[in-house]
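Colleague: See final10.txt below, with compact mmCIF, N, CA and C atoms.
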# COMPACT_ATOMS: atom_id res chain seq x y z
N MET A 73 -14.80 21.10 18.99
CA MET A 73 -15.27 20.03 18.14
C MET A 73 -16.42 20.54 17.26
N GLN A 74 -17.35 21.24 17.87
CA GLN A 74 -18.51 21.72 17.13
C GLN A 74 -18.09 22.71 16.05
N GLU A 75 -17.17 23.62 16.37
CA GLU A 75 -16.69 24.58 15.37
C GLU A 75 -16.00 23.86 14.21
N THR A 76 -15.27 22.80 14.53
CA THR A 76 -14.60 22.02 13.48
C THR A 76 -15.63 21.38 12.56
N LEU A 77 -16.66 20.82 13.13
CA LEU A 77 -17.70 20.20 12.30
C LEU A 77 -18.46 21.23 11.48
N GLU A 78 -18.68 22.41 12.05
CA GLU A 78 -19.33 23.47 11.28
C GLU A 78 -18.49 23.88 10.08
N ARG A 79 -17.17 24.01 10.29
CA ARG A 79 -16.27 24.36 9.19
C ARG A 79 -16.24 23.25 8.14
N ALA A 80 -16.23 22.01 8.60
CA ALA A 80 -16.23 20.88 7.65
C ALA A 80 -17.50 20.91 6.82
N TYR A 81 -18.61 21.22 7.43
CA TYR A 81 -19.88 21.29 6.69
C TYR A 81 -19.83 22.40 5.64
N ARG A 82 -19.26 23.54 6.02
CA ARG A 82 -19.15 24.65 5.05
C ARG A 82 -18.24 24.30 3.87
N HIS A 83 -17.25 23.47 4.11
CA HIS A 83 -16.30 23.08 3.05
C HIS A 83 -16.55 21.65 2.58
N PHE A 84 -17.77 21.20 2.73
CA PHE A 84 -18.12 19.81 2.44
C PHE A 84 -17.74 19.41 1.02
N ASP A 85 -18.08 20.23 0.02
CA ASP A 85 -17.79 19.88 -1.38
C ASP A 85 -16.30 19.70 -1.60
N LYS A 86 -15.49 20.60 -1.06
CA LYS A 86 -14.05 20.51 -1.22
C LYS A 86 -13.49 19.27 -0.52
N LEU A 87 -13.99 18.99 0.67
CA LEU A 87 -13.49 17.85 1.43
C LEU A 87 -13.88 16.52 0.80
N MET A 88 -15.04 16.46 0.18
CA MET A 88 -15.48 15.22 -0.46
C MET A 88 -14.59 14.85 -1.65
N ALA A 89 -13.92 15.83 -2.23
CA ALA A 89 -13.04 15.57 -3.37
C ALA A 89 -11.68 15.02 -2.90
N GLU A 90 -11.39 15.12 -1.62
CA GLU A 90 -10.10 14.65 -1.08
C GLU A 90 -10.21 13.20 -0.62
N ASN A 91 -9.01 12.57 -0.45
CA ASN A 91 -9.03 11.20 0.09
C ASN A 91 -9.23 11.27 1.60
N ALA A 92 -9.51 10.14 2.20
CA ALA A 92 -9.84 10.08 3.63
C ALA A 92 -8.69 10.58 4.49
N GLY A 93 -7.47 10.29 4.11
CA GLY A 93 -6.31 10.73 4.88
C GLY A 93 -6.20 12.24 4.92
N ALA A 94 -6.41 12.89 3.78
CA ALA A 94 -6.33 14.35 3.71
C ALA A 94 -7.45 14.99 4.53
N VAL A 95 -8.63 14.40 4.50
CA VAL A 95 -9.76 14.91 5.28
C VAL A 95 -9.45 14.79 6.77
N SER A 96 -8.87 13.66 7.15
CA SER A 96 -8.52 13.45 8.55
C SER A 96 -7.50 14.48 9.01
N VAL A 97 -6.49 14.75 8.19
CA VAL A 97 -5.48 15.75 8.54
C VAL A 97 -6.13 17.13 8.64
N TRP A 98 -7.02 17.46 7.70
CA TRP A 98 -7.69 18.77 7.71
C TRP A 98 -8.50 18.93 8.99
N LEU A 99 -9.27 17.88 9.35
CA LEU A 99 -10.09 17.94 10.55
C LEU A 99 -9.22 18.10 11.80
N SER A 100 -8.15 17.32 11.87
CA SER A 100 -7.27 17.38 13.03
C SER A 100 -6.61 18.76 13.16
N THR A 101 -6.13 19.30 12.04
CA THR A 101 -5.49 20.61 12.06
C THR A 101 -6.49 21.70 12.44
N THR A 102 -7.66 21.63 11.88
CA THR A 102 -8.69 22.62 12.17
C THR A 102 -9.08 22.57 13.65
N MET A 103 -9.25 21.37 14.18
CA MET A 103 -9.62 21.25 15.59
C MET A 103 -8.48 21.77 16.48
N SER A 104 -7.26 21.46 16.15
CA SER A 104 -6.12 21.96 16.94
C SER A 104 -6.08 23.48 16.92
N ASN A 105 -6.29 24.07 15.75
CA ASN A 105 -6.29 25.53 15.65
C ASN A 105 -7.43 26.16 16.44
N ARG A 106 -8.59 25.55 16.41
CA ARG A 106 -9.73 26.06 17.18
C ARG A 106 -9.40 26.00 18.68
N PHE A 107 -8.79 24.89 19.09
CA PHE A 107 -8.43 24.74 20.50
C PHE A 107 -7.42 25.81 20.92
N LEU A 108 -6.39 26.03 20.11
CA LEU A 108 -5.39 27.05 20.43
C LEU A 108 -6.02 28.44 20.48
N ASP A 109 -6.92 28.73 19.56
CA ASP A 109 -7.63 30.01 19.60
C ASP A 109 -8.41 30.16 20.90
N HIS A 110 -9.07 29.08 21.31
CA HIS A 110 -9.83 29.10 22.56
C HIS A 110 -8.90 29.37 23.74
N CYS A 111 -7.74 28.71 23.76
CA CYS A 111 -6.78 28.91 24.86
C CYS A 111 -6.28 30.35 24.89
N ARG A 112 -6.01 30.92 23.72
CA ARG A 112 -5.55 32.31 23.66
C ARG A 112 -6.62 33.25 24.20
N ARG A 113 -7.88 33.03 23.80
CA ARG A 113 -8.98 33.86 24.31
C ARG A 113 -9.11 33.70 25.81
N ARG A 114 -9.02 32.48 26.27
CA ARG A 114 -9.16 32.21 27.70
C ARG A 114 -8.03 32.89 28.48
N ARG A 115 -6.80 32.84 27.96
CA ARG A 115 -5.67 33.47 28.63
C ARG A 115 -5.89 34.98 28.73
N THR A 116 -6.39 35.57 27.67
CA THR A 116 -6.67 37.01 27.68
C THR A 116 -7.73 37.33 28.73
N GLU A 117 -8.76 36.49 28.82
CA GLU A 117 -9.81 36.70 29.82
C GLU A 117 -9.26 36.57 31.23
N VAL A 118 -8.41 35.58 31.46
CA VAL A 118 -7.85 35.36 32.79
C VAL A 118 -6.96 36.52 33.19
N LEU A 119 -6.14 37.00 32.24
CA LEU A 119 -5.25 38.12 32.54
C LEU A 119 -6.04 39.39 32.85
N GLY A 120 -7.19 39.55 32.21
CA GLY A 120 -8.00 40.73 32.45
C GLY A 120 -8.93 40.59 33.64
N ALA A 121 -9.07 39.37 34.18
CA ALA A 121 -10.03 39.12 35.26
C ALA A 121 -9.77 39.93 36.53
N PRO A 122 -8.50 40.09 36.98
CA PRO A 122 -8.32 40.87 38.21
C PRO A 122 -8.90 42.28 38.12
N MET A 123 -8.74 42.93 36.99
CA MET A 123 -9.30 44.28 36.84
C MET A 123 -10.83 44.22 36.82
N LEU A 124 -11.37 43.19 36.19
CA LEU A 124 -12.82 43.05 36.17
C LEU A 124 -13.35 42.81 37.57
N ARG A 125 -12.63 42.02 38.38
CA ARG A 125 -13.06 41.77 39.75
C ARG A 125 -13.13 43.05 40.56
N LEU A 126 -12.14 43.93 40.34
CA LEU A 126 -12.15 45.21 41.05
C LEU A 126 -13.40 46.01 40.71
N VAL A 127 -13.74 46.04 39.43
CA VAL A 127 -14.93 46.77 38.99
C VAL A 127 -16.17 46.11 39.56
N GLN A 128 -16.23 44.78 39.53
CA GLN A 128 -17.39 44.07 40.06
C GLN A 128 -17.52 44.29 41.57
N ASP A 129 -16.38 44.26 42.29
CA ASP A 129 -16.43 44.48 43.74
C ASP A 129 -16.95 45.87 44.07
N LEU A 130 -16.49 46.88 43.33
CA LEU A 130 -16.98 48.24 43.56
C LEU A 130 -18.46 48.33 43.28
N ASP A 131 -18.89 47.70 42.20
CA ASP A 131 -20.30 47.71 41.83
C ASP A 131 -21.13 46.99 42.89
N ALA A 132 -20.63 45.87 43.42
CA ALA A 132 -21.35 45.11 44.43
C ALA A 132 -21.47 45.90 45.72
N GLU A 133 -20.43 46.65 46.08
CA GLU A 133 -20.49 47.44 47.30
C GLU A 133 -21.55 48.52 47.20
N VAL A 134 -21.68 49.11 46.02
CA VAL A 134 -22.66 50.17 45.82
C VAL A 134 -24.08 49.61 45.92
N GLU A 135 -24.29 48.42 45.32
CA GLU A 135 -25.64 47.87 45.26
C GLU A 135 -25.96 46.90 46.39
N ALA A 136 -25.05 46.74 47.35
CA ALA A 136 -25.25 45.76 48.42
C ALA A 136 -26.53 46.07 49.19
N ALA A 137 -27.39 45.05 49.23
CA ALA A 137 -28.65 45.19 49.96
C ALA A 137 -28.45 44.70 51.39
N PRO A 138 -29.23 45.18 52.31
CA PRO A 138 -29.11 44.68 53.68
C PRO A 138 -29.41 43.17 53.70
N GLN A 139 -28.73 42.46 54.56
CA GLN A 139 -28.93 41.02 54.64
C GLN A 139 -30.29 40.69 55.23
N GLU A 140 -30.85 39.61 54.71
CA GLU A 140 -32.09 39.10 55.27
C GLU A 140 -31.76 38.43 56.60
N ARG A 141 -32.74 38.25 57.45
CA ARG A 141 -32.54 37.65 58.77
C ARG A 141 -31.89 36.28 58.65
N TRP A 142 -32.37 35.45 57.73
CA TRP A 142 -31.85 34.09 57.61
C TRP A 142 -30.40 34.05 57.13
N GLU A 143 -29.91 35.14 56.50
CA GLU A 143 -28.53 35.18 56.04
C GLU A 143 -27.55 35.43 57.19
N ARG A 144 -28.06 35.86 58.34
CA ARG A 144 -27.21 36.15 59.50
C ARG A 144 -27.36 35.08 60.58
N VAL A 145 -27.92 33.95 60.26
CA VAL A 145 -28.16 32.90 61.25
C VAL A 145 -26.85 32.20 61.58
N SER A 146 -26.58 32.05 62.86
CA SER A 146 -25.37 31.35 63.29
C SER A 146 -25.60 29.84 63.21
N ARG A 147 -24.52 29.11 63.31
CA ARG A 147 -24.60 27.64 63.30
C ARG A 147 -25.45 27.16 64.49
N ASP A 148 -25.26 27.77 65.66
CA ASP A 148 -26.02 27.38 66.84
C ASP A 148 -27.52 27.65 66.66
N GLU A 149 -27.84 28.82 66.12
CA GLU A 149 -29.25 29.16 65.89
C GLU A 149 -29.88 28.17 64.91
N PHE A 150 -29.12 27.80 63.88
CA PHE A 150 -29.63 26.86 62.90
C PHE A 150 -29.87 25.50 63.55
N GLN A 151 -28.92 25.05 64.37
CA GLN A 151 -29.07 23.77 65.06
C GLN A 151 -30.27 23.79 66.00
N GLN A 152 -30.47 24.90 66.70
CA GLN A 152 -31.63 25.03 67.59
C GLN A 152 -32.93 24.97 66.80
N ALA A 153 -32.95 25.58 65.62
CA ALA A 153 -34.15 25.54 64.79
C ALA A 153 -34.43 24.11 64.33
N ILE A 154 -33.39 23.38 63.98
CA ILE A 154 -33.57 21.97 63.58
C ILE A 154 -34.14 21.18 64.76
N ASP A 155 -33.61 21.44 65.96
CA ASP A 155 -34.10 20.74 67.16
C ASP A 155 -35.57 21.02 67.42
N GLN A 156 -36.07 22.18 66.98
CA GLN A 156 -37.46 22.57 67.21
C GLN A 156 -38.43 21.99 66.17
N LEU A 157 -37.91 21.37 65.13
CA LEU A 157 -38.80 20.83 64.09
C LEU A 157 -39.75 19.80 64.69
N ARG A 158 -41.03 19.98 64.43
CA ARG A 158 -42.07 19.07 64.89
C ARG A 158 -43.02 18.81 63.74
N PRO A 159 -43.51 17.63 63.63
CA PRO A 159 -43.31 16.43 64.40
C PRO A 159 -41.89 15.85 64.20
N PRO A 160 -41.50 14.92 65.05
CA PRO A 160 -40.13 14.40 65.03
C PRO A 160 -39.68 13.82 63.69
N HIS A 161 -40.60 13.26 62.89
CA HIS A 161 -40.17 12.68 61.62
C HIS A 161 -39.63 13.76 60.67
N LEU A 162 -40.08 15.01 60.79
CA LEU A 162 -39.51 16.09 59.98
C LEU A 162 -38.05 16.32 60.37
N ARG A 163 -37.82 16.38 61.66
CA ARG A 163 -36.47 16.60 62.17
C ARG A 163 -35.56 15.43 61.76
N ASP A 164 -36.03 14.21 61.92
CA ASP A 164 -35.23 13.04 61.60
C ASP A 164 -34.91 12.97 60.11
N ALA A 165 -35.92 13.22 59.30
CA ALA A 165 -35.71 13.19 57.85
C ALA A 165 -34.72 14.26 57.42
N TYR A 166 -34.86 15.45 58.00
CA TYR A 166 -33.96 16.55 57.63
C TYR A 166 -32.53 16.23 58.05
N ARG A 167 -32.33 15.73 59.24
CA ARG A 167 -30.98 15.39 59.71
C ARG A 167 -30.35 14.31 58.85
N LEU A 168 -31.12 13.31 58.47
CA LEU A 168 -30.58 12.25 57.62
C LEU A 168 -30.22 12.79 56.24
N HIS A 169 -31.05 13.69 55.73
CA HIS A 169 -30.77 14.28 54.41
C HIS A 169 -29.51 15.12 54.46
N VAL A 170 -29.36 15.92 55.50
CA VAL A 170 -28.16 16.75 55.66
C VAL A 170 -26.92 15.87 55.82
N ALA A 171 -27.09 14.70 56.41
CA ALA A 171 -25.98 13.77 56.57
C ALA A 171 -25.57 13.13 55.25
N GLY A 172 -26.35 13.36 54.20
CA GLY A 172 -25.96 12.87 52.88
C GLY A 172 -26.77 11.70 52.37
N LEU A 173 -27.75 11.25 53.13
CA LEU A 173 -28.55 10.13 52.67
C LEU A 173 -29.52 10.57 51.59
N ARG A 174 -29.76 9.67 50.66
CA ARG A 174 -30.73 9.92 49.60
C ARG A 174 -32.13 9.56 50.09
N TYR A 175 -33.11 10.02 49.33
CA TYR A 175 -34.50 9.81 49.74
C TYR A 175 -34.79 8.34 50.02
N ARG A 176 -34.31 7.46 49.17
CA ARG A 176 -34.60 6.02 49.32
C ARG A 176 -34.05 5.51 50.66
N ALA A 177 -32.82 5.88 51.00
CA ALA A 177 -32.22 5.41 52.25
C ALA A 177 -32.96 6.00 53.46
N ILE A 178 -33.36 7.25 53.34
CA ILE A 178 -34.11 7.89 54.43
C ILE A 178 -35.45 7.17 54.60
N ALA A 179 -36.10 6.87 53.49
CA ALA A 179 -37.39 6.18 53.53
C ALA A 179 -37.25 4.81 54.19
N GLN A 180 -36.20 4.09 53.85
CA GLN A 180 -36.00 2.77 54.45
C GLN A 180 -35.75 2.90 55.95
N GLN A 181 -34.93 3.86 56.34
CA GLN A 181 -34.60 4.03 57.75
C GLN A 181 -35.81 4.48 58.57
N LEU A 182 -36.66 5.33 57.99
CA LEU A 182 -37.82 5.85 58.71
C LEU A 182 -39.09 5.05 58.40
N ARG A 183 -38.94 3.95 57.67
CA ARG A 183 -40.07 3.07 57.32
C ARG A 183 -41.20 3.85 56.65
N SER A 184 -40.83 4.50 55.54
CA SER A 184 -41.80 5.30 54.81
C SER A 184 -41.52 5.15 53.32
N THR A 185 -42.15 6.00 52.51
CA THR A 185 -41.91 5.98 51.07
C THR A 185 -41.06 7.19 50.68
N GLU A 186 -40.43 7.11 49.50
CA GLU A 186 -39.61 8.22 49.02
C GLU A 186 -40.45 9.49 48.84
N GLY A 187 -41.66 9.34 48.35
CA GLY A 187 -42.54 10.50 48.16
C GLY A 187 -42.86 11.19 49.48
N THR A 188 -43.11 10.38 50.50
CA THR A 188 -43.39 10.94 51.81
C THR A 188 -42.17 11.66 52.37
N VAL A 189 -40.98 11.07 52.17
CA VAL A 189 -39.75 11.71 52.62
C VAL A 189 -39.59 13.06 51.93
N GLY A 190 -39.88 13.12 50.63
CA GLY A 190 -39.81 14.39 49.91
C GLY A 190 -40.74 15.43 50.50
N ARG A 191 -41.95 15.02 50.85
CA ARG A 191 -42.91 15.94 51.46
C ARG A 191 -42.42 16.40 52.82
N TRP A 192 -41.89 15.46 53.61
CA TRP A 192 -41.37 15.82 54.93
C TRP A 192 -40.23 16.84 54.82
N LEU A 193 -39.34 16.63 53.86
CA LEU A 193 -38.22 17.56 53.69
C LEU A 193 -38.70 18.94 53.26
N THR A 194 -39.70 18.97 52.41
CA THR A 194 -40.27 20.26 52.00
C THR A 194 -40.88 20.96 53.21
N GLU A 195 -41.62 20.21 54.01
CA GLU A 195 -42.23 20.79 55.21
C GLU A 195 -41.15 21.24 56.20
N ALA A 196 -40.08 20.46 56.34
CA ALA A 196 -38.99 20.83 57.26
C ALA A 196 -38.31 22.11 56.79
N ARG A 197 -38.06 22.24 55.50
CA ARG A 197 -37.43 23.46 54.97
C ARG A 197 -38.32 24.67 55.21
N GLN A 198 -39.61 24.49 54.97
CA GLN A 198 -40.54 25.61 55.18
C GLN A 198 -40.58 26.00 56.66
N ALA A 199 -40.61 25.02 57.54
CA ALA A 199 -40.63 25.31 58.97
C ALA A 199 -39.33 26.01 59.40
N LEU A 200 -38.20 25.58 58.85
CA LEU A 200 -36.92 26.23 59.17
C LEU A 200 -36.90 27.67 58.68
N ARG A 201 -37.45 27.91 57.49
CA ARG A 201 -37.53 29.30 57.00
C ARG A 201 -38.35 30.16 57.96
N GLU A 202 -39.44 29.62 58.43
CA GLU A 202 -40.29 30.37 59.34
C GLU A 202 -39.60 30.59 60.68
N LEU A 203 -38.93 29.55 61.19
CA LEU A 203 -38.24 29.67 62.48
C LEU A 203 -37.07 30.65 62.40
N LEU A 204 -36.38 30.66 61.29
CA LEU A 204 -35.16 31.47 61.17
C LEU A 204 -35.39 32.84 60.54
N GLY A 205 -36.48 32.99 59.82
CA GLY A 205 -36.65 34.24 59.10
C GLY A 205 -37.85 35.06 59.50
N GLY A 206 -38.64 34.57 60.37
CA GLY A 206 -39.81 35.34 60.78
C GLY A 206 -40.99 35.10 59.88
N LYS A 207 -42.00 35.96 59.99
CA LYS A 207 -43.27 35.79 59.28
C LYS A 207 -43.13 35.88 57.78
N ASP A 208 -42.26 36.80 57.26
CA ASP A 208 -42.16 36.99 55.82
C ASP A 208 -41.55 35.81 55.10
N ALA A 209 -40.80 34.97 55.80
CA ALA A 209 -40.10 33.86 55.16
C ALA A 209 -41.06 32.85 54.55
N SER A 210 -42.25 32.69 55.16
CA SER A 210 -43.19 31.70 54.63
C SER A 210 -43.80 32.13 53.33
N HIS A 211 -43.66 33.40 52.95
CA HIS A 211 -44.24 33.88 51.69
C HIS A 211 -43.22 33.94 50.58
N GLU A 212 -41.96 33.56 50.85
CA GLU A 212 -40.93 33.59 49.81
C GLU A 212 -41.16 32.44 48.86
N GLY A 213 -40.43 32.45 47.73
CA GLY A 213 -40.58 31.42 46.70
C GLY A 213 -40.35 30.02 47.26
N MET A 214 -41.04 29.07 46.72
CA MET A 214 -40.95 27.71 47.22
C MET A 214 -39.84 26.91 46.58
N ALA A 215 -39.20 27.40 45.50
CA ALA A 215 -38.16 26.66 44.81
C ALA A 215 -36.93 26.57 45.69
N GLU A 216 -36.49 25.32 45.94
CA GLU A 216 -35.29 25.11 46.73
C GLU A 216 -34.74 23.74 46.39
N SER A 217 -33.42 23.65 46.41
CA SER A 217 -32.82 22.36 46.07
C SER A 217 -32.79 21.43 47.24
Before anything else, please render the file you have as structure tokens.
Modeller:
Amino acid sequence: MQETLERAYRHFDKLMAENAGAVSVWLSTTMSNRFLDHCRRRRTEVLGAPMLRLVQDLDAEVEAAPQERWERVSRDEFQQAIDQLRPPHLRDAYRLHVAGLRYRAIAQQLRSTEGTVGRWLTEARQALRELLGGKDASHEGMAES
């Protein structure tokens, strides 16, 4: 759509001299051609992707870094770490969040505010990093979804 509008802008003088029907046909044809060009490019990319994956896999194997401790955590170890979260409201808030509840619902259930729930979840994530990753985990970046 954007490419069609860019082309229409470049040919604005010529298009203004045409009637509305001709302009509509020009726009429709141009957009169809742009779409077909996109599909052809995409098909070429898809057909070439298996070879690219092979190259990427080889490159990834060469540059593979050793896994961090937290990347090797089992489901049981993770559950045990959640069970160790203290105080209990951190554990409860984290479990409710993992279950899919939004901050507002968690706040209502735990009789708190959404802001407090956000702080509890941040503290729970930090505590889990420390429990699962050792001392260095607490110094990693704080950005997390």
Colleague: Atom CA of Ile154 of chain A to atom N of Leu200 of chain A: how many Å, to one decimal?
Modeller: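 Computed distance, atom CA of Ile154 of chain A to atom N of Leu200 of chain A, equals 7.5 Å.
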Colleague: Measure the distance from atom CA of Asp109 of chain A to atom CA of Val97 of chain A in Å and round it to one decimal.
Modeller: 18.2 Å
Colleague: Just list the residues in segment 146-197 of chain A DSSP gives alpha helix (DSSP H) on the backbone, as a ChimeraX atom specification.
Modeller: /A:147-155,160-170,175-181,186-197
Colleague: What's the 8 Å shell around segment 160-173 of chain A, counting all atoms listed in the file, without same-chain residues fewer than 6 positions away, as number ranges by chain?
Modeller: A: 154, 179, 182, 189, 191-193, 195-197
Colleague: With all atoms of segment 166-179 of chain A from the file as input, state the centre and edge lengths in Å to one decimal of the axis-aligned box that has 3 Å extra on each side, as AutoDock Vina command-line options.
Modeller:
--center_x -31.5 --center_y 10.8 --center_z 54.4 --size_x 17.8 --size_y 17.9 --size_z 16.5
Colleague: Which is closest to Ala199 of chain A among A:Met103, A:Val145, A:Leu77, A:Leu157, if we use only C-alpha atoms?
Modeller: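 The answer is A:Leu157, which sits nearest to Ala199 of chain A.
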Colleague: So, with all atoms listed in the file as the atoms that count, which of A:Cys111, A:Val95, A:Ala153, A:Glu75 lies closest to Leu204 of chain A?
Modeller: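 Checking each of A:Cys111, A:Val95, A:Ala153, A:Glu75 against Leu204 of chain A, counting all atoms listed in the file, the winner is A:Ala153.
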